[in-house]
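A.B. asks: The structure file run.cif (mmCIF, C-alpha atoms) is provided below.
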```cif
data_model
#
loop_
_atom_site.label_atom_id
_atom_site.label_comp_id
_atom_site.auth_asym_id
_atom_site.auth_seq_id
_atom_site.Cartn_x
_atom_site.Cartn_y
_atom_site.Cartn_z
CA MET D 224 -24.70 -7.32 -9.26
CA PRO D 225 -20.93 -7.60 -8.68
CA ARG D 226 -18.80 -4.53 -9.34
CA LYS D 227 -16.85 -4.33 -12.58
CA ASN D 228 -13.50 -2.92 -11.57
CA ILE D 229 -11.96 -1.03 -14.49
CA LEU D 230 -8.20 -0.41 -14.53
CA ILE D 231 -7.28 2.23 -17.12
CA LYS D 232 -3.60 1.82 -18.00
CA ASP D 233 -3.28 4.04 -21.08
CA TRP D 234 -5.26 6.58 -23.08
CA THR D 235 -6.95 3.97 -25.28
CA ASP D 236 -8.35 2.32 -22.13
CA PHE D 237 -10.35 5.50 -21.50
CA LYS D 238 -12.66 4.30 -24.26
CA ARG D 239 -14.09 1.95 -21.61
CA ILE D 240 -15.74 4.98 -19.94
CA GLU D 241 -16.07 7.15 -23.04
CA GLY D 242 -18.73 9.82 -22.71
CA LYS D 243 -19.30 9.24 -19.00
CA ARG D 244 -19.69 12.18 -16.63
CA ILE D 245 -16.78 12.04 -14.18
CA ALA D 246 -15.31 13.69 -11.12
CA LEU D 247 -11.54 13.36 -11.18
CA THR D 248 -8.67 13.47 -8.72
CA VAL D 249 -5.00 13.10 -9.59
CA GLY D 250 -2.12 12.10 -7.36
CA ILE D 251 0.44 9.51 -6.30
CA PHE D 252 -1.62 8.41 -3.26
CA ASP D 253 1.12 6.20 -1.83
CA GLY D 254 -0.19 4.36 1.21
CA ILE D 255 -3.68 5.91 0.94
CA HIS D 256 -3.78 7.86 4.19
CA ARG D 257 -6.55 9.82 5.88
CA GLY D 258 -5.77 12.95 3.87
CA HIS D 259 -6.16 11.00 0.63
CA PHE D 260 -9.38 9.47 1.89
CA THR D 261 -10.86 12.90 2.57
CA VAL D 262 -10.20 13.76 -1.08
CA PHE D 263 -11.77 10.47 -2.16
CA THR D 264 -14.85 11.03 -0.01
CA VAL D 265 -15.50 14.47 -1.52
CA LEU D 266 -14.81 13.04 -4.99
CA ARG D 267 -17.48 10.40 -4.46
CA GLU D 268 -20.00 12.92 -3.09
CA ILE D 269 -19.52 15.38 -5.94
CA SER D 270 -19.82 12.68 -8.61
CA SER D 271 -23.10 11.55 -7.09
CA ASP D 272 -24.45 15.13 -7.40
CA PHE D 273 -24.49 14.81 -11.19
CA ALA D 274 -25.04 11.03 -11.37
CA GLY D 275 -21.46 10.58 -12.55
CA ILE D 276 -18.58 8.34 -11.58
CA PRO D 277 -15.54 9.11 -9.42
CA VAL D 278 -12.24 8.46 -11.21
CA ILE D 279 -8.89 8.26 -9.44
CA PHE D 280 -5.90 8.99 -11.68
CA THR D 281 -2.66 7.71 -10.18
CA PHE D 282 0.67 6.22 -11.20
CA GLU D 283 2.31 2.83 -10.88
CA ASN D 284 5.71 4.48 -10.40
CA HIS D 285 6.67 7.62 -8.51
CA PRO D 286 7.25 10.57 -10.88
CA LEU D 287 10.66 11.17 -9.27
CA THR D 288 11.90 7.89 -10.75
CA VAL D 289 11.69 9.71 -14.11
CA LEU D 290 12.34 13.31 -13.09
CA GLU D 291 15.37 12.37 -10.96
CA PRO D 292 16.83 9.21 -12.55
CA GLY D 293 18.78 7.06 -10.12
CA ARG D 294 16.95 8.35 -7.06
CA LYS D 295 15.89 5.49 -4.82
CA ILE D 296 12.16 5.54 -4.06
CA SER D 297 10.52 3.48 -1.33
CA TYR D 298 6.79 2.79 -1.48
CA ILE D 299 4.28 2.22 1.31
CA THR D 300 2.10 0.43 -1.22
CA LEU D 301 3.46 -1.30 -4.31
CA PRO D 302 1.48 -0.80 -7.55
CA GLU D 303 -0.54 -4.00 -7.26
CA GLU D 304 -1.22 -3.32 -3.58
CA LYS D 305 -2.43 0.22 -4.29
CA ALA D 306 -4.73 -0.80 -7.14
CA ASN D 307 -6.16 -3.67 -5.09
CA LEU D 308 -6.81 -1.40 -2.12
CA LEU D 309 -8.49 1.31 -4.22
CA PHE D 310 -10.88 -1.26 -5.64
CA ARG D 311 -11.58 -2.62 -2.14
CA LEU D 312 -12.38 0.91 -1.01
CA GLY D 313 -15.19 0.85 -3.55
CA PHE D 314 -13.75 2.76 -6.48
CA GLU D 315 -14.56 0.96 -9.72
CA HIS D 316 -12.61 3.23 -12.09
CA VAL D 317 -8.88 3.73 -11.50
CA ALA D 318 -6.56 5.25 -14.11
CA PHE D 319 -3.20 3.67 -13.36
CA PHE D 320 -0.61 5.09 -15.74
CA ARG D 321 3.11 4.51 -16.05
CA PHE D 322 4.78 7.89 -15.49
CA THR D 323 7.16 8.43 -18.40
CA ARG D 324 9.40 11.20 -19.74
CA GLU D 325 6.78 11.89 -22.41
CA PHE D 326 4.00 12.12 -19.81
CA SER D 327 6.11 14.50 -17.71
CA GLN D 328 6.13 17.02 -20.59
CA MET D 329 2.34 17.40 -20.66
CA LYS D 330 1.06 20.73 -19.38
CA ALA D 331 -1.99 20.79 -17.11
CA GLU D 332 -4.32 22.09 -19.83
CA GLU D 333 -3.14 19.43 -22.29
CA PHE D 334 -3.59 16.68 -19.69
CA LEU D 335 -7.11 17.71 -18.68
CA SER D 336 -8.12 18.37 -22.28
CA ARG D 337 -7.00 14.83 -23.10
CA ILE D 338 -9.30 13.53 -20.37
CA LYS D 339 -12.14 15.59 -21.81
CA GLU D 340 -11.62 14.01 -25.24
CA TYR D 341 -12.95 10.79 -23.73
CA CYS D 342 -15.07 11.84 -20.75
CA ASP D 343 -17.42 14.57 -19.68
CA LEU D 344 -15.16 16.05 -16.98
CA ARG D 345 -17.48 17.82 -14.54
CA ALA D 346 -15.26 18.28 -11.48
CA LEU D 347 -11.63 18.16 -10.36
CA VAL D 348 -10.93 17.52 -6.67
CA ALA D 349 -7.41 18.34 -5.45
CA GLY D 350 -5.58 17.87 -2.17
CA TYR D 351 -4.17 20.87 -0.32
CA ASP D 352 -0.71 20.57 -1.94
CA ALA D 353 -1.68 19.09 -5.32
CA SER D 354 -0.16 20.30 -8.57
CA ILE D 355 -0.73 19.12 -12.12
CA GLY D 356 1.28 19.25 -15.31
CA HIS D 357 4.74 20.14 -16.52
CA ASP D 358 3.83 23.78 -15.82
CA LYS D 359 2.98 22.80 -12.21
CA ILE D 360 -0.45 24.36 -11.92
CA ARG D 361 -0.74 24.65 -8.15
CA THR D 362 -2.58 27.74 -6.87
CA ASP D 363 -6.34 27.95 -6.51
CA ALA D 364 -6.38 30.92 -8.89
CA ASP D 365 -4.59 28.93 -11.62
CA PHE D 366 -6.83 25.89 -11.11
CA ARG D 367 -9.98 28.02 -11.25
CA ALA D 368 -8.81 29.75 -14.40
CA LEU D 369 -8.24 26.38 -16.02
CA ALA D 370 -11.59 25.11 -14.76
CA GLY D 371 -13.35 28.12 -16.26
CA GLU D 372 -11.59 27.64 -19.59
CA LEU D 373 -12.28 23.91 -19.86
CA GLY D 374 -15.69 23.91 -18.18
CA PHE D 375 -15.45 21.96 -14.93
CA GLU D 376 -15.83 22.63 -11.20
CA PHE D 377 -12.69 22.88 -9.07
CA VAL D 378 -12.67 21.85 -5.39
CA ARG D 379 -9.68 22.18 -3.08
CA ILE D 380 -9.50 19.99 0.05
CA PRO D 381 -7.85 21.54 3.13
CA GLU D 382 -4.88 19.92 4.83
CA VAL D 383 -5.79 17.00 7.10
CA LYS D 384 -3.92 16.83 10.40
CA ASP D 385 -3.34 14.39 13.23
CA LYS D 386 -2.86 16.25 16.51
CA ASP D 387 -1.71 19.42 14.72
CA THR D 388 0.70 17.44 12.49
CA ALA D 389 0.04 17.28 8.78
CA ILE D 390 -0.68 13.78 7.54
CA SER D 391 1.66 12.90 4.69
CA SER D 392 3.05 9.81 2.99
CA HIS D 393 6.57 11.03 3.81
CA ALA D 394 5.87 11.12 7.56
CA ILE D 395 4.20 7.70 7.42
CA ARG D 396 7.23 6.21 5.64
CA ASP D 397 9.41 7.65 8.39
CA ALA D 398 7.20 6.09 11.09
CA ILE D 399 7.35 2.68 9.40
CA ASN D 400 11.12 2.95 9.04
CA ARG D 401 11.31 3.51 12.80
CA GLY D 402 8.98 0.60 13.53
CA ASN D 403 6.26 2.89 14.87
CA LEU D 404 3.33 1.00 13.36
CA GLU D 405 0.81 2.48 15.76
CA LEU D 406 1.53 6.00 14.50
CA ALA D 407 1.60 4.92 10.85
CA ASN D 408 -1.62 2.93 11.12
CA ASN D 409 -3.41 5.77 12.87
CA ARG D 410 -2.79 7.91 9.80
CA LEU D 411 -3.39 5.26 7.15
CA VAL D 412 -6.90 4.36 6.02
CA TYR D 413 -5.88 0.70 5.92
CA PRO D 414 -3.12 -0.51 8.28
CA PHE D 415 0.33 -1.08 6.80
CA PHE D 416 0.39 -4.37 4.93
CA VAL D 417 2.45 -6.54 2.62
CA ARG D 418 0.71 -8.47 -0.14
CA GLY D 419 2.55 -11.15 -2.05
CA LYS D 420 2.91 -14.72 -3.22
CA VAL D 421 3.86 -17.31 -0.61
CA GLN D 422 7.08 -19.16 -1.35
CA SER D 423 8.61 -22.31 0.05
CA GLY D 424 10.62 -21.49 3.14
CA ARG D 425 13.66 -23.05 4.76
CA GLY D 426 11.69 -25.43 6.94
CA ILE D 427 12.90 -24.03 10.27
CA GLY D 428 9.41 -23.24 11.57
CA GLU D 429 7.82 -26.46 10.34
CA LYS D 430 10.58 -29.00 11.04
CA LEU D 431 12.48 -27.63 14.02
CA LEU D 432 10.07 -25.38 15.86
CA ARG D 433 6.73 -27.00 15.06
CA MET D 434 5.49 -23.55 14.12
CA PRO D 435 5.00 -23.40 10.33
CA THR D 436 5.29 -20.05 8.59
CA ALA D 437 4.13 -18.53 5.32
CA ASN D 438 7.03 -16.74 3.66
CA ILE D 439 7.05 -13.73 1.34
CA VAL D 440 10.09 -12.16 -0.30
CA VAL D 441 9.53 -8.41 -0.53
CA PRO D 442 10.81 -6.30 -3.47
CA GLU D 443 13.52 -3.86 -2.42
CA GLU D 444 11.41 -0.82 -3.38
CA LYS D 445 8.77 -1.73 -0.75
CA ILE D 446 9.34 -0.08 2.60
CA ILE D 447 9.47 -2.58 5.48
CA PRO D 448 9.70 -2.02 9.26
CA PRO D 449 13.07 -2.74 10.90
CA ASN D 450 14.09 -6.36 11.39
CA GLY D 451 12.21 -7.84 14.31
CA VAL D 452 8.98 -9.47 15.46
CA TYR D 453 5.58 -7.86 15.00
CA ALA D 454 2.02 -8.61 16.00
CA GLY D 455 -0.12 -8.77 12.93
CA ALA D 456 -2.96 -10.32 11.02
CA PHE D 457 -3.03 -12.78 8.15
CA ARG D 458 -5.63 -12.09 5.47
CA LYS D 459 -6.80 -14.49 2.80
CA ASP D 460 -10.16 -14.51 1.02
CA GLY D 461 -11.37 -11.73 3.31
CA ASN D 462 -10.69 -13.68 6.51
CA LEU D 463 -8.40 -12.29 9.21
CA THR D 464 -6.37 -14.39 11.66
CA ALA D 465 -3.91 -13.35 14.38
CA SER D 466 -0.30 -13.75 13.24
CA ALA D 467 3.24 -13.30 14.52
CA LEU D 468 5.40 -11.70 11.83
CA PHE D 469 9.19 -11.77 11.55
CA THR D 470 11.05 -9.42 9.20
CA SER D 471 14.68 -9.97 8.21
CA ASP D 472 17.17 -9.46 5.42
CA PHE D 473 16.84 -12.03 2.66
CA GLY D 474 18.98 -15.07 3.42
CA TRP D 475 19.33 -14.35 7.17
CA HIS D 476 19.04 -17.36 9.48
CA PRO D 477 19.68 -18.10 13.17
CA SER D 478 23.08 -19.45 14.19
CA PHE D 479 21.88 -23.04 14.61
CA TYR D 480 20.51 -23.10 11.07
CA ALA D 481 23.69 -24.07 9.19
CA LYS D 482 24.16 -27.17 11.34
CA THR D 483 20.68 -28.53 10.90
CA MET D 484 19.05 -27.36 7.66
CA PRO D 485 19.67 -27.39 3.88
CA GLU D 486 20.24 -24.28 1.78
CA PRO D 487 17.34 -21.78 1.53
CA SER D 488 14.83 -22.26 -1.27
CA LEU D 489 13.32 -18.77 -1.22
CA GLN D 490 13.80 -16.92 -4.48
CA GLY D 491 15.36 -13.49 -4.04
CA THR D 492 18.54 -11.45 -4.11
CA LYS D 493 20.49 -11.54 -0.89
CA GLY D 494 21.29 -8.15 0.54
CA THR D 495 18.75 -6.16 -1.51
CA GLN D 496 15.44 -7.67 -0.45
CA LYS D 497 13.60 -8.39 2.77
CA GLN D 498 11.68 -11.46 3.77
CA ILE D 499 8.64 -11.86 5.99
CA GLU D 500 7.91 -15.07 7.83
CA GLY D 501 4.42 -15.15 9.25
CA HIS D 502 3.08 -17.72 11.69
CA VAL D 503 -0.71 -17.90 11.42
CA ILE D 504 -1.84 -18.51 14.98
CA GLY D 505 -4.28 -21.30 15.73
CA ARG D 506 -4.77 -22.37 12.11
CA ARG D 507 -2.97 -24.85 9.94
CA ILE D 508 -3.46 -23.81 6.34
CA SER D 509 -1.91 -24.58 3.01
CA VAL D 510 -1.00 -21.32 1.27
CA LYS D 511 2.06 -22.13 -0.85
CA GLY D 512 1.75 -20.28 -4.15
CA SER D 513 -1.24 -18.24 -2.91
CA ILE D 514 -1.48 -14.45 -2.83
CA VAL D 515 -1.87 -13.48 0.81
CA GLU D 516 -1.67 -10.36 2.92
CA PHE D 517 0.11 -9.69 6.20
CA ILE D 518 -1.08 -6.67 8.19
CA PHE D 519 1.39 -5.16 10.69
CA LEU D 520 -0.13 -3.93 13.95
CA GLU D 521 2.62 -3.33 16.53
CA LYS D 522 6.26 -4.16 17.10
CA ILE D 523 6.94 -6.75 19.80
CA ARG D 524 10.73 -6.92 19.90
CA ASP D 525 13.95 -6.55 17.95
CA SER D 526 15.51 -9.48 16.11
CA ILE D 527 17.55 -11.81 18.34
CA ASP D 528 19.96 -14.52 17.24
CA PHE D 529 19.66 -17.99 18.79
CA ASP D 530 22.20 -20.80 19.11
CA ASP D 531 19.59 -23.30 20.22
CA PRO D 532 16.25 -23.95 18.46
CA GLU D 533 14.49 -24.68 21.77
CA ASP D 534 15.40 -21.23 23.08
CA LEU D 535 13.92 -19.73 19.93
CA ARG D 536 10.76 -21.80 20.31
CA LYS D 537 10.26 -20.60 23.91
CA THR D 538 10.68 -16.99 22.81
CA MET D 539 8.29 -17.50 19.91
CA LEU D 540 5.64 -18.84 22.26
CA GLN D 541 5.83 -15.56 24.15
CA ASP D 542 5.71 -13.65 20.85
CA ILE D 543 2.57 -15.56 19.89
CA LYS D 544 0.90 -14.80 23.19
CA GLU D 545 1.64 -11.09 22.76
CA SER D 546 0.51 -11.17 19.12
CA VAL D 547 -2.87 -12.59 20.14
CA ARG D 548 -3.26 -9.90 22.80
CA ILE D 549 -2.54 -7.11 20.32
CA PHE D 550 -4.75 -8.69 17.65
CA GLU D 551 -7.65 -8.85 20.10
CA LYS D 552 -7.08 -5.22 21.05
CA ASN D 553 -7.42 -4.30 17.38
CA ARG D 554 -10.16 -6.77 16.49
CA LEU D 555 -12.95 -4.19 16.21
CA LYS D 556 -10.93 -2.00 13.83
CA LEU D 557 -9.91 -5.02 11.76
CA ARG D 558 -13.50 -6.21 11.54
CA PHE D 559 -14.51 -3.15 9.52
CA LEU D 560 -11.63 -3.16 7.04
CA PRO D 561 -12.67 -3.24 3.39
#
```
Using the file provided, produce a representation of the structure as structure tokens.

C.D. replies:
Amino acid sequence: MPRKNILIKDWTDFKRIEGKRIALTVGIFDGIHRGHFTVFTVLREISSDFAGIPVIFTFENHPLTVLEPGRKISYITLPEEKANLLFRLGFEHVAFFRFTREFSQMKAEEFLSRIKEYCDLRALVAGYDASIGHDKIRTDADFRALAGELGFEFVRIPEVKDKDTAISSHAIRDAINRGNLELANNRLVYPFFVRGKVQSGRGIGEKLLRMPTANIVVPEEKIIPPNGVYAGAFRKDGNLTASALFTSDFGWHPSFYAKTMPEPSLQGTKGTQKQIEGHVIGRRISVKGSIVEFIFLEKIRDSIDFDDPEDLRKTMLQDIKESVRIFEKNRLKLRFLP
């Protein structure tokens, strides 16, 4: 029987699991790294102890967008990407709330009591640095006192490290910003990816270079590696194919472009968004208008301008060769992705 993924977007949606025994975890979970996954694993195990269901409570926007208005927030995973990935990881019940000023005023006891109005809350699983509520319940003693008052089990998960360094979304964002995809992907459960709708491109790859690309314009709040060429994978309908990925500012084009091609047709805002052009290696596919995913594996080189399309084509052939090599090196890991 296929899974019935349930996305709970407000309190009334909790009626869809009303009365169910649940184990709960609460957090932002941007990127879903190995530390998060340890929490999720324990959550799943505890829920199975009482024949309940694991529920992940997260947010579509970072709380700081409300608590510190005007602060620019960059995401490893956009809301739709995060929800999609949580479902692919096997969680059927995800509470995905919009963090608002009103929500920010709820104290921990009020929040958890609200959950208990709908569900039989049996356990709360928290990461090593987790806090809940306007009153910022954070210490084990405070959590246990609340658990005793409301009648649930509290479990704290120790800090997860990578070679003596704490794994955190902040550090992963920094690695991606520096183009260190190997470090970021080693700490993420699922390698860094961009999911989006393919748009019509400028025709450079198809018409001039005989190397068609699928093009995605990326919202400015999504973190993207520095402009350059990356080895990656193209994913559609669960199938993975080696790809060469090029990231650039929206509207950028090589020097020869203005002499040979019409104006761009990609829809975006120049200067505030990024674009990804992905060449799917060895396959000719029609993906315009489709939702696809590009997975970033390793950086190959920085962005280079070209005055001659043939010079660009020769360089791209080398990029493709290197992309295939890196894809093959990672094939076993990619094979077991959810």

A.B. asks: Step by step, work through what the PyMOL selection byres ((chain D and resi 455) around 9) selects in the shown file, and finish by giving those residues as a PyMOL selection string.

C.D. replies: chain D and resi 453-454+456-457+464-468+501+517-522+546-547+549-550

A.B. asks: Write to file, as a JSON list (two decimals), in the coordinates of the input, the residues of the selection just made, with C-alpha atoms.

C.D. replies:
```
[["chain", "number", "residue", "atom", "x", "y", "z"],
["D", 453, "TYR", "CA", 5.58, -7.86, 15.00],
["D", 454, "ALA", "CA", 2.02, -8.61, 16.00],
["D", 456, "ALA", "CA", -2.96, -10.32, 11.02],
["D", 457, "PHE", "CA", -3.03, -12.78, 8.15],
["D", 464, "THR", "CA", -6.37, -14.39, 11.66],
["D", 465, "ALA", "CA", -3.91, -13.35, 14.38],
["D", 466, "SER", "CA", -0.30, -13.75, 13.24],
["D", 467, "ALA", "CA", 3.24, -13.30, 14.52],
["D", 468, "LEU", "CA", 5.40, -11.70, 11.83],
["D", 501, "GLY", "CA", 4.42, -15.15, 9.25],
["D", 517, "PHE", "CA", 0.11, -9.69, 6.20],
["D", 518, "ILE", "CA", -1.08, -6.67, 8.19],
["D", 519, "PHE", "CA", 1.39, -5.16, 10.69],
["D", 520, "LEU", "CA", -0.13, -3.93, 13.95],
["D", 521, "GLU", "CA", 2.62, -3.33, 16.53],
["D", 522, "LYS", "CA", 6.26, -4.16, 17.10],
["D", 546, "SER", "CA", 0.51, -11.17, 19.12],
["D", 547, "VAL", "CA", -2.87, -12.59, 20.14],
["D", 549, "ILE", "CA", -2.54, -7.11, 20.32],
["D", 550, "PHE", "CA", -4.75, -8.69, 17.65]]
```

A.B. asks: Do a neighbour search on Ile499 (chain D) at 10 Å with all atoms listed in the file, toss out local chain neighbours closer than 2 positions, and write the hits as a PDB file with C-alpha atoms, in the frame of the given file.

C.D. replies:
```pdb
ATOM      1  CA  VAL D 417       2.450  -6.540   2.620  1.00  0.00           C
ATOM      2  CA  VAL D 421       3.860 -17.310  -0.610  1.00  0.00           C
ATOM      3  CA  THR D 436       5.290 -20.050   8.590  1.00  0.00           C
ATOM      4  CA  ALA D 437       4.130 -18.530   5.320  1.00  0.00           C
ATOM      5  CA  ASN D 438       7.030 -16.740   3.660  1.00  0.00           C
ATOM      6  CA  ILE D 439       7.050 -13.730   1.340  1.00  0.00           C
ATOM      7  CA  VAL D 440      10.090 -12.160  -0.300  1.00  0.00           C
ATOM      8  CA  VAL D 441       9.530  -8.410  -0.530  1.00  0.00           C
ATOM      9  CA  ILE D 447       9.470  -2.580   5.480  1.00  0.00           C
ATOM     10  CA  ASN D 450      14.090  -6.360  11.390  1.00  0.00           C
ATOM     11  CA  GLY D 451      12.210  -7.840  14.310  1.00  0.00           C
ATOM     12  CA  VAL D 452       8.980  -9.470  15.460  1.00  0.00           C
ATOM     13  CA  LEU D 468       5.400 -11.700  11.830  1.00  0.00           C
ATOM     14  CA  PHE D 469       9.190 -11.770  11.550  1.00  0.00           C
ATOM     15  CA  THR D 470      11.050  -9.420   9.200  1.00  0.00           C
ATOM     16  CA  SER D 471      14.680  -9.970   8.210  1.00  0.00           C
ATOM     17  CA  ASP D 472      17.170  -9.460   5.420  1.00  0.00           C
ATOM     18  CA  PHE D 473      16.840 -12.030   2.660  1.00  0.00           C
ATOM     19  CA  LYS D 497      13.600  -8.390   2.770  1.00  0.00           C
ATOM     20  CA  GLY D 501       4.420 -15.150   9.250  1.00  0.00           C
ATOM     21  CA  HIS D 502       3.080 -17.720  11.690  1.00  0.00           C
ATOM     22  CA  PHE D 517       0.110  -9.690   6.200  1.00  0.00           C
TER      23      PHE D 517
END
```

A.B. asks: Pull the neighbourhood of (12.5, 14.4, -10.8) for me: all residues within 12 Å in file coordinates, counting only C-alpha atoms, as a PyMOL selection string.

C.D. replies: chain D and resi 285-296+322-324+327-328+357

A.B. asks: In Å to one decimal, how far is CA of Ser271 (chain D) from CA of Phe310 (chain D)?

C.D. replies: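 Those two atoms sit 17.8 Å apart.
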
A.B. asks: List as a compact mmCIF listing (two decimals) with C-alpha atoms, in the coordinates of the input the protein and nucleic acid residues near Ala353 (chain D), meaning an atom at most 9 Å away when only C-alpha atoms are counted, but skip any in the same chain fewer than 4 places from it.

C.D. replies:
```
# COMPACT_ATOMS: atom_id res chain seq x y z
CA VAL D 249 -5.00 13.10 -9.59
CA GLY D 250 -2.12 12.10 -7.36
CA ALA D 349 -7.41 18.34 -5.45
CA ILE D 360 -0.45 24.36 -11.92
CA ARG D 361 -0.74 24.65 -8.15
CA THR D 362 -2.58 27.74 -6.87
CA ARG D 379 -9.68 22.18 -3.08
```

A.B. asks: For a test of reading the model, state the distance in Å between CA of Ser392 (chain D) and CA of Ser526 (chain D), rounded to one decimal.

C.D. replies: 26.4 Å

A.B. asks: Using only C-alpha atoms, which of D:Thr235, D:Ser336, D:Thr261, D:Gln422 sits nearest Gln498 (chain D)?

C.D. replies: D:Gln422
